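**Q** Contents are mmCIF, C-alpha atoms; file name run-v6.cif:
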```cif
data_start
#
loop_
_atom_site.label_atom_id
_atom_site.label_comp_id
_atom_site.auth_asym_id
_atom_site.auth_seq_id
_atom_site.Cartn_x
_atom_site.Cartn_y
_atom_site.Cartn_z
CA MET Y 167 51.04 -28.57 -85.82
CA THR Y 168 51.81 -26.92 -89.14
CA ASP Y 169 51.51 -28.62 -92.53
CA ALA Y 170 55.01 -29.78 -93.41
CA THR Y 171 54.15 -30.52 -97.07
CA PRO Y 172 52.43 -27.43 -98.47
CA SER Y 173 51.21 -27.42 -102.04
CA SER Y 174 52.20 -24.71 -104.52
CA ASP Y 175 49.02 -25.25 -106.61
CA GLY Y 176 51.17 -24.93 -109.71
CA GLN Y 177 52.05 -21.27 -109.09
CA THR Y 178 55.61 -20.37 -110.07
CA LEU Y 179 57.95 -17.42 -110.46
CA THR Y 180 60.32 -17.35 -113.43
CA VAL Y 181 63.59 -15.54 -112.75
CA ARG Y 182 66.08 -14.63 -115.48
CA ASP Y 183 69.70 -14.18 -114.40
CA ASP Y 184 71.08 -11.51 -116.72
CA ARG Y 185 74.62 -12.49 -115.79
CA THR Y 186 74.29 -15.92 -117.39
CA GLY Y 187 71.11 -15.73 -119.43
CA LYS Y 188 69.69 -18.71 -117.52
CA GLU Y 189 66.07 -18.85 -116.35
CA TYR Y 190 64.93 -20.47 -113.12
CA VAL Y 191 61.38 -21.54 -112.27
CA LEU Y 192 60.70 -21.16 -108.53
CA PRO Y 193 57.56 -22.61 -106.88
CA ILE Y 194 55.33 -20.09 -105.09
CA VAL Y 195 53.84 -21.48 -101.88
CA ASP Y 196 51.50 -19.35 -99.74
CA GLY Y 197 52.75 -16.22 -101.48
CA THR Y 198 56.42 -17.01 -100.79
CA ILE Y 199 59.40 -18.51 -102.54
CA ARG Y 200 62.00 -20.61 -100.73
CA ALA Y 201 65.19 -18.74 -99.94
CA SER Y 202 67.05 -21.98 -100.66
CA ASP Y 203 65.66 -21.87 -104.22
CA LEU Y 204 67.34 -18.50 -104.69
CA GLY Y 205 70.57 -20.22 -103.71
CA LYS Y 206 70.37 -22.28 -106.90
CA ILE Y 207 70.90 -19.11 -108.94
CA ARG Y 208 74.65 -18.78 -109.37
CA VAL Y 209 77.24 -17.87 -111.99
CA SER Y 210 79.29 -21.01 -111.44
CA ASP Y 211 79.26 -24.06 -109.22
CA ASP Y 212 82.21 -22.83 -107.16
CA GLU Y 213 80.52 -19.54 -106.23
CA PRO Y 214 77.74 -18.98 -103.69
CA GLY Y 215 74.20 -18.59 -104.97
CA ILE Y 216 71.91 -15.58 -104.65
CA ALA Y 217 70.69 -14.69 -101.15
CA SER Y 218 68.12 -12.12 -100.07
CA TYR Y 219 69.09 -9.09 -97.96
CA ASP Y 220 66.31 -8.15 -95.53
CA PRO Y 221 67.31 -6.16 -92.41
CA GLY Y 222 64.62 -6.49 -89.77
CA PHE Y 223 62.94 -9.34 -91.67
CA THR Y 224 60.45 -6.88 -93.17
CA ASN Y 225 59.54 -9.24 -96.01
CA THR Y 226 60.86 -12.63 -94.94
CA ALA Y 227 58.84 -15.52 -93.49
CA SER Y 228 60.88 -17.64 -91.09
CA THR Y 229 58.21 -20.18 -90.21
CA ARG Y 230 54.82 -21.67 -91.05
CA SER Y 231 52.58 -21.06 -88.03
CA ALA Y 232 49.00 -21.84 -87.03
CA VAL Y 233 49.01 -19.77 -83.82
CA THR Y 234 48.08 -16.20 -84.75
CA TYR Y 235 46.66 -14.64 -87.92
CA ILE Y 236 46.98 -10.95 -88.71
CA ASP Y 237 45.60 -9.05 -91.71
CA GLY Y 238 47.12 -5.62 -91.29
CA GLU Y 239 45.22 -4.07 -94.17
CA LYS Y 240 41.83 -5.07 -92.78
CA GLY Y 241 42.69 -4.75 -89.07
CA ILE Y 242 42.10 -8.43 -88.27
CA LEU Y 243 43.70 -10.33 -85.37
CA GLU Y 244 42.82 -13.96 -84.65
CA TYR Y 245 44.17 -16.56 -82.23
CA ARG Y 246 43.88 -20.05 -83.73
CA GLY Y 247 41.17 -18.66 -86.04
CA TYR Y 248 39.07 -16.98 -83.34
CA PRO Y 249 38.64 -13.16 -83.66
CA ILE Y 250 40.24 -11.20 -80.85
CA GLU Y 251 37.00 -9.27 -80.32
CA GLN Y 252 35.08 -12.46 -79.46
CA LEU Y 253 37.83 -13.79 -77.20
CA ALA Y 254 38.07 -10.50 -75.27
CA GLU Y 255 34.30 -10.41 -74.76
CA LYS Y 256 33.52 -14.06 -74.00
CA SER Y 257 36.69 -15.75 -72.76
CA THR Y 258 39.16 -15.70 -69.88
CA PHE Y 259 42.90 -15.39 -70.17
CA LEU Y 260 43.55 -18.97 -69.07
CA GLU Y 261 41.05 -20.24 -71.63
CA VAL Y 262 42.87 -18.23 -74.30
CA ALA Y 263 46.21 -19.55 -73.04
CA TYR Y 264 44.87 -23.11 -73.39
CA LEU Y 265 43.71 -22.30 -76.92
CA LEU Y 266 47.11 -20.93 -77.91
CA ILE Y 267 49.04 -23.85 -76.41
CA HIS Y 268 46.78 -26.73 -77.46
CA GLY Y 269 45.26 -25.38 -80.67
CA ASP Y 270 41.63 -25.93 -79.64
CA LEU Y 271 39.23 -24.56 -77.06
CA PRO Y 272 39.04 -26.75 -73.94
CA THR Y 273 36.13 -28.89 -72.85
CA LYS Y 274 34.77 -28.23 -69.36
CA ASP Y 275 36.93 -31.02 -67.88
CA GLN Y 276 40.02 -29.90 -69.80
CA TYR Y 277 39.56 -26.32 -68.67
CA ASP Y 278 39.04 -27.27 -65.03
CA SER Y 279 42.16 -29.45 -65.12
CA TRP Y 280 44.17 -26.69 -66.83
CA VAL Y 281 43.13 -24.07 -64.26
CA HIS Y 282 43.85 -26.48 -61.39
CA ASP Y 283 47.34 -27.30 -62.70
CA ILE Y 284 48.28 -23.65 -63.20
CA THR Y 285 46.88 -22.65 -59.81
CA PHE Y 286 48.87 -25.48 -58.18
CA HIS Y 287 52.15 -24.17 -59.64
CA THR Y 288 51.88 -20.47 -58.76
CA PHE Y 289 54.40 -20.70 -55.91
CA VAL Y 290 58.12 -20.40 -56.64
CA HIS Y 291 61.10 -21.87 -54.82
CA GLU Y 292 62.26 -19.79 -51.84
CA ASN Y 293 65.71 -19.51 -53.42
CA ILE Y 294 64.14 -17.58 -56.32
CA LYS Y 295 62.73 -15.21 -53.71
CA SER Y 296 66.24 -14.80 -52.31
CA LEU Y 297 67.56 -14.14 -55.81
CA MET Y 298 65.04 -11.35 -56.34
CA GLN Y 299 65.65 -9.86 -52.90
CA GLY Y 300 69.33 -9.59 -53.80
CA PHE Y 301 68.67 -6.92 -56.44
CA ARG Y 302 69.25 -3.23 -55.70
CA TYR Y 303 66.28 -1.34 -54.30
CA ASP Y 304 65.89 0.54 -57.60
CA ALA Y 305 66.35 -2.43 -59.95
CA HIS Y 306 64.19 -2.32 -63.06
CA PRO Y 307 61.33 -4.85 -62.78
CA MET Y 308 62.02 -6.20 -66.29
CA GLY Y 309 65.63 -6.92 -65.42
CA MET Y 310 64.46 -8.77 -62.33
CA LEU Y 311 61.86 -10.73 -64.31
CA LEU Y 312 64.38 -11.66 -67.00
CA SER Y 313 66.84 -12.95 -64.42
CA ALA Y 314 64.23 -14.85 -62.42
CA VAL Y 315 62.78 -16.65 -65.44
CA GLY Y 316 66.24 -17.57 -66.68
CA GLY Y 317 67.06 -18.77 -63.17
CA LEU Y 318 64.09 -21.15 -63.17
CA SER Y 319 65.96 -23.32 -65.68
CA THR Y 320 68.41 -24.26 -62.92
CA PHE Y 321 65.57 -25.38 -60.64
CA TYR Y 322 64.05 -27.65 -63.30
CA PRO Y 323 67.00 -29.27 -65.13
CA GLU Y 324 64.63 -31.84 -66.67
CA ALA Y 325 63.29 -28.96 -68.80
CA ARG Y 326 66.20 -29.57 -71.16
CA ASN Y 327 64.44 -32.73 -72.32
CA ILE Y 328 62.36 -30.75 -74.79
CA HIS Y 329 61.45 -33.77 -76.94
CA ASP Y 330 59.36 -35.36 -74.19
CA ALA Y 331 55.75 -34.15 -74.47
CA ASP Y 332 54.93 -34.57 -70.77
CA THR Y 333 58.05 -32.66 -69.71
CA ARG Y 334 57.26 -29.86 -72.15
CA HIS Y 335 53.71 -29.58 -70.84
CA LEU Y 336 54.86 -29.36 -67.23
CA GLN Y 337 57.28 -26.52 -67.99
CA ILE Y 338 54.57 -24.64 -69.90
CA VAL Y 339 52.19 -24.93 -66.95
CA ARG Y 340 54.90 -23.88 -64.50
CA MET Y 341 55.88 -20.81 -66.49
CA ILE Y 342 52.36 -19.51 -67.11
CA ALA Y 343 51.61 -20.08 -63.41
CA LYS Y 344 54.72 -18.42 -62.00
CA MET Y 345 54.95 -15.34 -64.22
CA PRO Y 346 52.35 -13.31 -62.22
CA THR Y 347 54.17 -14.21 -59.00
CA LEU Y 348 57.54 -13.08 -60.36
CA GLY Y 349 56.03 -9.96 -61.93
CA ALA Y 350 54.24 -8.96 -58.74
CA TRP Y 351 57.36 -9.52 -56.64
CA SER Y 352 59.42 -7.30 -58.94
CA PHE Y 353 56.78 -4.60 -58.41
CA ARG Y 354 56.80 -4.97 -54.61
CA HIS Y 355 60.61 -5.00 -54.55
CA ALA Y 356 60.80 -1.54 -56.09
CA GLN Y 357 58.40 -0.25 -53.45
CA GLY Y 358 60.26 -1.81 -50.55
CA LYS Y 359 57.21 -3.84 -49.59
CA PRO Y 360 57.20 -7.50 -48.48
CA TYR Y 361 56.48 -10.07 -51.16
CA VAL Y 362 52.95 -11.49 -51.13
CA TYR Y 363 52.52 -15.21 -51.71
CA PRO Y 364 49.89 -16.48 -54.17
CA ASP Y 365 46.33 -17.04 -52.94
CA ASN Y 366 45.09 -20.12 -54.75
CA ASP Y 367 41.47 -19.39 -53.88
CA LEU Y 368 41.57 -16.52 -56.38
CA SER Y 369 41.41 -16.49 -60.15
CA TYR Y 370 44.52 -15.85 -62.28
CA ALA Y 371 43.92 -12.08 -62.61
CA GLU Y 372 42.58 -11.68 -59.06
CA ASN Y 373 45.61 -13.47 -57.65
CA PHE Y 374 47.95 -11.19 -59.58
CA LEU Y 375 46.20 -8.07 -58.25
CA ALA Y 376 46.35 -9.47 -54.72
CA MET Y 377 50.10 -10.11 -54.94
CA LEU Y 378 50.54 -6.57 -56.25
CA PHE Y 379 48.43 -4.59 -53.81
CA LYS Y 380 47.62 -6.68 -50.71
CA MET Y 381 48.75 -5.04 -47.48
CA SER Y 382 47.56 -5.95 -43.97
CA GLU Y 383 44.06 -7.15 -44.84
CA ALA Y 384 43.34 -10.84 -44.26
CA LYS Y 385 41.87 -11.28 -47.73
CA TYR Y 386 42.35 -9.04 -50.73
CA GLU Y 387 39.21 -8.44 -52.76
CA ALA Y 388 39.68 -6.80 -56.14
CA ASP Y 389 36.91 -4.86 -57.85
CA PRO Y 390 35.36 -7.17 -60.48
CA ARG Y 391 35.58 -4.39 -63.08
CA LEU Y 392 39.33 -4.16 -62.61
CA VAL Y 393 39.65 -7.93 -62.79
CA LYS Y 394 37.73 -7.98 -66.07
CA ALA Y 395 39.81 -5.14 -67.51
CA LEU Y 396 43.02 -6.96 -66.59
CA GLU Y 397 41.70 -10.17 -68.17
CA VAL Y 398 40.99 -8.25 -71.37
CA LEU Y 399 44.44 -6.67 -71.38
CA PHE Y 400 46.03 -10.09 -70.84
CA ILE Y 401 44.03 -11.58 -73.71
CA LEU Y 402 44.96 -8.75 -76.07
CA HIS Y 403 48.66 -9.16 -75.31
CA ALA Y 404 48.77 -12.96 -75.34
CA ASP Y 405 50.33 -13.26 -78.81
CA HIS Y 406 51.01 -11.15 -81.87
CA GLU Y 407 52.58 -13.33 -84.54
CA GLN Y 408 56.32 -13.08 -85.41
CA ASN Y 409 57.26 -9.87 -83.60
CA CYS Y 410 60.70 -9.05 -82.19
CA SER Y 411 60.32 -10.95 -78.89
CA THR Y 412 58.63 -13.98 -80.48
CA ASN Y 413 61.40 -14.12 -83.05
CA ALA Y 414 63.91 -14.02 -80.17
CA VAL Y 415 62.16 -16.93 -78.42
CA ARG Y 416 62.12 -18.95 -81.64
CA SER Y 417 65.71 -18.07 -82.54
CA VAL Y 418 67.11 -19.02 -79.12
CA GLY Y 419 64.76 -22.00 -78.93
CA SER Y 420 66.08 -23.29 -82.25
CA SER Y 421 69.28 -24.28 -80.42
CA GLN Y 422 67.06 -26.75 -78.47
CA VAL Y 423 67.65 -24.97 -75.18
CA ASP Y 424 65.11 -25.29 -72.34
CA PRO Y 425 61.95 -23.11 -72.59
CA TYR Y 426 62.87 -20.94 -69.57
CA SER Y 427 66.02 -19.75 -71.35
CA ALA Y 428 64.12 -19.23 -74.59
CA VAL Y 429 61.40 -17.17 -72.89
CA SER Y 430 63.98 -15.10 -71.02
CA ALA Y 431 65.32 -14.12 -74.46
CA GLY Y 432 61.82 -12.94 -75.33
CA ILE Y 433 61.68 -10.88 -72.15
CA GLY Y 434 65.02 -9.31 -73.06
CA ALA Y 435 63.67 -8.34 -76.48
CA LEU Y 436 60.47 -6.94 -74.96
CA TYR Y 437 62.59 -4.86 -72.56
CA GLY Y 438 63.63 -2.61 -75.46
CA PRO Y 439 61.78 0.71 -75.92
CA LEU Y 440 61.00 0.00 -79.57
CA HIS Y 441 59.01 -3.09 -78.58
CA GLY Y 442 57.50 -3.04 -75.11
CA GLY Y 443 57.91 0.57 -74.05
CA ALA Y 444 55.68 2.38 -76.55
CA ASN Y 445 52.79 2.99 -74.12
CA GLU Y 446 55.12 4.87 -71.77
CA ALA Y 447 56.08 7.12 -74.70
CA VAL Y 448 52.37 7.83 -75.26
CA LEU Y 449 51.97 9.04 -71.67
CA LYS Y 450 54.99 11.31 -72.01
CA MET Y 451 53.52 12.76 -75.21
CA LEU Y 452 50.11 13.40 -73.61
CA ARG Y 453 51.74 15.12 -70.63
CA ARG Y 454 53.80 17.29 -72.95
CA ILE Y 455 50.62 18.38 -74.78
CA GLY Y 456 49.22 19.28 -71.37
CA ASP Y 457 45.72 20.39 -72.32
CA VAL Y 458 43.03 19.69 -74.93
CA SER Y 459 43.43 23.23 -76.27
CA ASN Y 460 47.02 22.43 -77.25
CA VAL Y 461 46.11 19.42 -79.42
CA PRO Y 462 45.64 21.32 -82.74
CA ALA Y 463 49.05 22.98 -82.39
CA PHE Y 464 50.63 19.62 -81.57
CA ILE Y 465 49.02 18.06 -84.66
CA GLU Y 466 50.49 20.82 -86.81
CA GLY Y 467 53.85 20.21 -85.18
CA VAL Y 468 53.65 16.53 -86.14
CA LYS Y 469 52.83 17.41 -89.73
CA ALA Y 470 55.74 19.84 -89.82
CA GLY Y 471 58.12 17.17 -88.52
CA ASN Y 472 58.72 18.92 -85.20
CA GLU Y 473 56.74 16.48 -83.04
CA ARG Y 474 56.29 12.70 -82.94
CA LEU Y 475 52.83 11.16 -82.72
CA MET Y 476 53.22 8.19 -80.38
CA GLY Y 477 50.71 5.32 -80.24
CA PHE Y 478 49.66 5.75 -83.86
CA GLY Y 479 50.68 3.51 -86.73
CA HIS Y 480 52.02 -0.05 -86.62
CA ARG Y 481 54.51 -2.09 -88.59
CA VAL Y 482 51.77 -4.63 -89.41
CA TYR Y 483 48.45 -2.78 -89.16
CA LYS Y 484 47.52 -0.37 -91.94
CA ASN Y 485 44.07 0.03 -90.42
CA TYR Y 486 42.71 0.60 -86.92
CA ASP Y 487 44.45 -1.83 -84.57
CA PRO Y 488 41.59 -4.13 -83.40
CA ARG Y 489 43.13 -4.29 -79.93
CA ALA Y 490 42.94 -0.50 -79.60
CA THR Y 491 39.16 -0.58 -80.08
CA ILE Y 492 38.76 -3.15 -77.30
CA ILE Y 493 41.13 -1.37 -74.90
CA LYS Y 494 39.32 1.92 -75.46
CA LYS Y 495 36.13 0.26 -74.18
CA ALA Y 496 37.98 -1.23 -71.21
CA THR Y 497 39.09 2.23 -70.09
CA ASP Y 498 35.50 3.08 -69.18
CA ASP Y 499 35.30 0.25 -66.63
CA VAL Y 500 38.69 1.07 -65.13
CA PHE Y 501 38.05 4.80 -64.80
CA GLU Y 502 34.67 4.06 -63.25
CA VAL Y 503 36.61 2.53 -60.35
CA THR Y 504 39.76 4.66 -60.24
CA GLY Y 505 38.45 8.00 -61.48
CA VAL Y 506 39.13 9.41 -64.94
CA ASN Y 507 42.75 9.98 -65.85
CA PRO Y 508 42.95 13.66 -66.89
CA LEU Y 509 45.08 12.63 -69.85
CA LEU Y 510 42.11 10.73 -71.31
CA LYS Y 511 40.45 13.91 -72.65
CA ILE Y 512 43.66 14.82 -74.45
CA ALA Y 513 43.94 11.30 -75.89
CA VAL Y 514 40.34 11.27 -77.13
CA GLU Y 515 40.69 14.70 -78.76
CA LEU Y 516 44.03 13.74 -80.31
CA GLU Y 517 42.51 10.57 -81.77
CA LYS Y 518 39.46 12.46 -83.09
CA ILE Y 519 41.50 15.07 -84.94
CA ALA Y 520 44.06 12.60 -86.26
CA LEU Y 521 41.39 10.27 -87.66
CA GLU Y 522 39.77 13.17 -89.52
CA ASP Y 523 42.95 14.78 -90.82
CA GLU Y 524 43.85 13.81 -94.38
CA TYR Y 525 47.57 13.84 -93.49
CA PHE Y 526 47.17 10.91 -91.09
CA VAL Y 527 44.40 9.12 -93.01
CA LYS Y 528 46.51 9.12 -96.18
CA ARG Y 529 49.42 7.60 -94.27
CA LYS Y 530 47.14 5.06 -92.56
CA LEU Y 531 48.21 6.20 -89.09
CA TYR Y 532 45.57 4.77 -86.78
CA PRO Y 533 45.73 4.28 -82.99
CA ASN Y 534 47.44 1.07 -81.91
CA VAL Y 535 47.21 -0.98 -78.70
CA ASP Y 536 49.71 1.24 -76.89
CA PHE Y 537 47.65 4.42 -77.27
CA TYR Y 538 45.19 3.59 -74.46
CA SER Y 539 46.87 0.76 -72.51
CA GLY Y 540 49.26 3.12 -70.70
CA LEU Y 541 46.32 5.17 -69.42
CA ILE Y 542 44.80 2.05 -67.88
CA TYR Y 543 48.07 0.91 -66.33
CA GLU Y 544 48.63 4.34 -64.83
CA ALA Y 545 45.07 4.39 -63.45
CA LEU Y 546 45.86 1.08 -61.74
CA GLN Y 547 48.82 2.82 -60.07
CA PHE Y 548 51.56 1.08 -61.99
CA PRO Y 549 54.78 3.04 -62.57
CA PRO Y 550 55.90 3.16 -66.24
CA GLU Y 551 58.70 0.64 -65.66
CA MET Y 552 56.04 -1.98 -64.83
CA PHE Y 553 54.22 -1.59 -68.14
CA THR Y 554 56.45 -4.08 -69.97
CA VAL Y 555 56.13 -6.59 -67.12
CA LEU Y 556 52.35 -6.44 -67.56
CA PHE Y 557 53.00 -7.12 -71.25
CA ALA Y 558 55.38 -10.04 -70.60
CA ILE Y 559 53.10 -11.97 -68.24
CA PRO Y 560 50.34 -12.73 -70.78
CA ARG Y 561 52.74 -12.84 -73.74
CA THR Y 562 54.40 -15.84 -72.09
CA ALA Y 563 51.46 -17.97 -73.27
CA GLY Y 564 52.06 -16.87 -76.86
CA TRP Y 565 55.82 -17.32 -76.61
CA LEU Y 566 55.34 -20.87 -75.33
CA ALA Y 567 52.79 -21.69 -78.05
CA GLN Y 568 55.30 -20.48 -80.64
CA TRP Y 569 58.14 -22.39 -78.94
CA LEU Y 570 56.06 -25.55 -78.87
CA GLU Y 571 55.28 -25.17 -82.55
CA LEU Y 572 58.99 -24.70 -83.26
CA VAL Y 573 59.94 -27.87 -81.38
CA ASN Y 574 57.34 -29.90 -83.32
CA ASP Y 575 58.18 -28.43 -86.74
CA PRO Y 576 60.46 -30.80 -88.72
CA GLU Y 577 61.42 -28.01 -91.13
CA GLN Y 578 62.96 -25.79 -88.46
CA LYS Y 579 66.75 -25.60 -88.09
CA ILE Y 580 69.02 -23.71 -85.74
CA ALA Y 581 68.80 -20.00 -86.61
CA ARG Y 582 71.83 -18.92 -88.61
CA PRO Y 583 71.20 -15.93 -90.92
CA LYS Y 584 73.59 -15.03 -93.71
CA GLN Y 585 75.53 -11.79 -93.75
CA ILE Y 586 77.04 -9.46 -96.32
CA TYR Y 587 80.64 -9.04 -95.26
CA THR Y 588 81.89 -5.44 -95.49
CA GLY Y 589 85.32 -5.64 -93.79
CA GLY Y 590 88.88 -6.05 -94.99
CA ARG Y 591 90.31 -9.23 -96.53
CA GLY Y 592 93.66 -11.00 -96.65
CA LEU Y 593 95.49 -8.55 -94.40
CA THR Y 594 99.05 -9.27 -93.25
CA PHE Y 595 99.51 -9.14 -89.50
CA PRO Y 596 102.30 -6.63 -88.64
CA SER Y 597 104.57 -7.06 -85.65
CA ARG Y 598 104.21 -4.86 -82.59
CA GLU Y 599 107.42 -3.06 -83.51
CA GLU Y 600 105.92 -2.10 -86.87
CA ARG Y 601 102.56 -1.10 -85.39
CA TRP Y 602 103.88 0.85 -82.44
CA ALA Y 603 106.84 2.54 -84.09
#
```
For the structure just supplied, provide its representation as structure tokens.
**A**
Amino acid sequence: MTDATPSSDGQTLTVRDDRTGKEYVLPIVDGTIRASDLGKIRVSDDEPGIASYDPGFTNTASTRSAVTYIDGEKGILEYRGYPIEQLAEKSTFLEVAYLLIHGDLPTKDQYDSWVHDITFHTFVHENIKSLMQGFRYDAHPMGMLLSAVGGLSTFYPEARNIHDADTRHLQIVRMIAKMPTLGAWSFRHAQGKPYVYPDNDLSYAENFLAMLFKMSEAKYEADPRLVKALEVLFILHADHEQNCSTNAVRSVGSSQVDPYSAVSAGIGALYGPLHGGANEAVLKMLRRIGDVSNVPAFIEGVKAGNERLMGFGHRVYKNYDPRATIIKKATDDVFEVTGVNPLLKIAVELEKIALEDEYFVKRKLYPNVDFYSGLIYEALQFPPEMFTVLFAIPRTAGWLAQWLELVNDPEQKIARPKQIYTGGRGLTFPSREERWA
């Protein structure tokens, strides 16, 4: 729960309106001023006050949140105060999901109960299976996932009662539990293979791998190194503050709709290539380079503006993305099982040169999480269109933590940004005879 009554500690910003000569003293709280305080600055009482114009919300805080902390300058990422490096090394995804949702690490009993509840809810209604089977053979897995999650709201109409804590908790458990099932089925659908039901004897990551790859064997046994790598990837993608998809979940959720509908909005946002599809662009870039010997020429092409360096730089991070460091280590375990992806040598050489080149260092272009994740996904035999599904499954925990925080935040209102109108005014409607003469 966020602090609804923050203190300004006496810090203020004095603004002089040169139109009127008036000065306004605005409280500064956590490095921000209230947009509503700007609204008090006006020429006259019958005119609207000042508003800020911020396309893409590049410098606007829409909420006070205790879920995820990012320091982009220092390359820090923390969930509920715990460094991502420690969570990736010592925790499991379901433990991290509990942390995000509840705000604290679970006790042994709490964790066992949490795992049991999620395992119990991995199955989906047979009608959802029919819904997914109704898609074309070449349907994009993200489109299928978006539709299936939105469809779950019709199976659990009580989910609309978002102000009941027990009802909220049940929907959170259901969604975290069912996402791997829906994601795996969208994968199998594209391959024309029969859907595999969950195996509740397996762990969260093991079960997902089984539903993806199980064929005629009685029991699917995943390599522990692949299970661990998938756990790490899930942890790294579990939340990332107020990004595009999280903002979509919060914006749609602000209408007090059920969480399935809100999360489906997040999936729709993640579907876009500027958000969830960056790792596929990295693979395309590495294939275009083709060989380690071509890396220097490619680097020069980037500097000349003729090439784009994908997987480097981040809207938030102005340092090495901490998730990229962890994923780079995870590649070793995966390639030990699957064999080394030939693109890895190109990626390593590209990173080495870029980190030493003053052009990139000056611009703070460091590898981000997408630079190596695509290599792992490809090694696991996922087609590029599945990459965003693998992103959406763990991010559901973060979306739900953010949604839960929204529901419990008394300061939040239905999202309704202002606009700067640029169209015509006061036009006279002409008759058809006049228009079509």
**Q** Might you spell out which residues the PyMOL selection byres ((chain Y and resi 372-385) around 7) would select in the displayed file, as an MDAnalysis selection string?
**A** chainID Y and resid 346:347 350 353:354 362:365 368:371 386:388 393
**Q** Let me make sure I understand: among Y:Lys495, Y:Ile559, Y:Asn293, Y:Leu396, which one has the smallest atom-to-atom distance to Y:Leu436 if we use all atoms listed in the file?
**A**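 Of all the options, Y:Ile559 lies closest to Y:Leu436.
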**Q** Restricting the calculation to only C-alpha atoms: of Y:Leu179, Y:Val339, Y:Ile236, Y:Leu546, which residue gets closest to Y:Ile250?
**A**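 Among Y:Leu179, Y:Val339, Y:Ile236, Y:Leu546, it is Y:Ile236 that comes nearest to Y:Ile250.
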**Q** With all atoms listed in the file as the atoms that count, which of Y:Ile401, Y:Glu292, Y:Ile284, Y:Lys528 lies nearest to Y:Glu255?
**A**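 Going through Y:Ile401, Y:Glu292, Y:Ile284, Y:Lys528 one by one, the smallest distance to Y:Glu255 is for Y:Ile401.
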**Q** Go ahead and compute the interatomic distance for atom CA of Y:Gly564 and atom CA of Y:Phe400, in Å to one decimal.
**A**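 According to the coordinates, atom CA of Y:Gly564 and atom CA of Y:Phe400 are separated by 10.9 Å.
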**Q** Using the chain letters and numbering of this document, enumerate as a short mmCIF file (atom, residue, chain, number, x, y, z; two decimals) with C-alpha atoms, keeping the file's coordinate frame the residues selected by the PyMOL selection byres ((chain Y and resi 478-481) around 12).
**A**
```cif
data_model
loop_
_atom_site.label_atom_id
_atom_site.label_comp_id
_atom_site.auth_asym_id
_atom_site.auth_seq_id
_atom_site.Cartn_x
_atom_site.Cartn_y
_atom_site.Cartn_z
CA GLY Y 222 64.62 -6.49 -89.77
CA PHE Y 223 62.94 -9.34 -91.67
CA THR Y 224 60.45 -6.88 -93.17
CA ASN Y 225 59.54 -9.24 -96.01
CA ILE Y 236 46.98 -10.95 -88.71
CA ASP Y 237 45.60 -9.05 -91.71
CA GLY Y 238 47.12 -5.62 -91.29
CA GLU Y 239 45.22 -4.07 -94.17
CA GLY Y 241 42.69 -4.75 -89.07
CA HIS Y 406 51.01 -11.15 -81.87
CA GLN Y 408 56.32 -13.08 -85.41
CA ASN Y 409 57.26 -9.87 -83.60
CA CYS Y 410 60.70 -9.05 -82.19
CA LEU Y 440 61.00 0.00 -79.57
CA HIS Y 441 59.01 -3.09 -78.58
CA ALA Y 444 55.68 2.38 -76.55
CA ASN Y 445 52.79 2.99 -74.12
CA ALA Y 447 56.08 7.12 -74.70
CA VAL Y 448 52.37 7.83 -75.26
CA MET Y 451 53.52 12.76 -75.21
CA VAL Y 468 53.65 16.53 -86.14
CA ARG Y 474 56.29 12.70 -82.94
CA LEU Y 475 52.83 11.16 -82.72
CA MET Y 476 53.22 8.19 -80.38
CA GLY Y 477 50.71 5.32 -80.24
CA VAL Y 482 51.77 -4.63 -89.41
CA TYR Y 483 48.45 -2.78 -89.16
CA LYS Y 484 47.52 -0.37 -91.94
CA ASN Y 485 44.07 0.03 -90.42
CA TYR Y 486 42.71 0.60 -86.92
CA ASP Y 487 44.45 -1.83 -84.57
CA PRO Y 488 41.59 -4.13 -83.40
CA ARG Y 489 43.13 -4.29 -79.93
CA ALA Y 490 42.94 -0.50 -79.60
CA ALA Y 513 43.94 11.30 -75.89
CA LEU Y 516 44.03 13.74 -80.31
CA GLU Y 517 42.51 10.57 -81.77
CA ALA Y 520 44.06 12.60 -86.26
CA LEU Y 521 41.39 10.27 -87.66
CA PHE Y 526 47.17 10.91 -91.09
CA VAL Y 527 44.40 9.12 -93.01
CA LYS Y 528 46.51 9.12 -96.18
CA ARG Y 529 49.42 7.60 -94.27
CA LYS Y 530 47.14 5.06 -92.56
CA LEU Y 531 48.21 6.20 -89.09
CA TYR Y 532 45.57 4.77 -86.78
CA PRO Y 533 45.73 4.28 -82.99
CA ASN Y 534 47.44 1.07 -81.91
CA VAL Y 535 47.21 -0.98 -78.70
CA ASP Y 536 49.71 1.24 -76.89
CA PHE Y 537 47.65 4.42 -77.27
CA TYR Y 538 45.19 3.59 -74.46
#
```
**Q** Counting all atoms listed in the file, figure out which residue out of Y:Ala395, Y:Ala567, Y:Ile328, Y:Met308 gets nearest to Y:Gly269.
**A**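 Answer, going by the shortest atom-to-atom distance: Y:Ala567.
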**Q** Could you check how far atom CA of Y:Pro323 sits from atom CA of Y:Ser427, in Å to one decimal?
**A**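 Atom CA of Y:Ser427 lies 11.4 Å from atom CA of Y:Pro323.
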**Q** Excluding stretch 579-592 of chain Y and its own-chain neighbours fewer than 6 positions away, which residues fall within 7 Å of it when counting all atoms listed in the file? Please give them as a PyMOL selection string.
**A** chain Y and resi 417+420-421
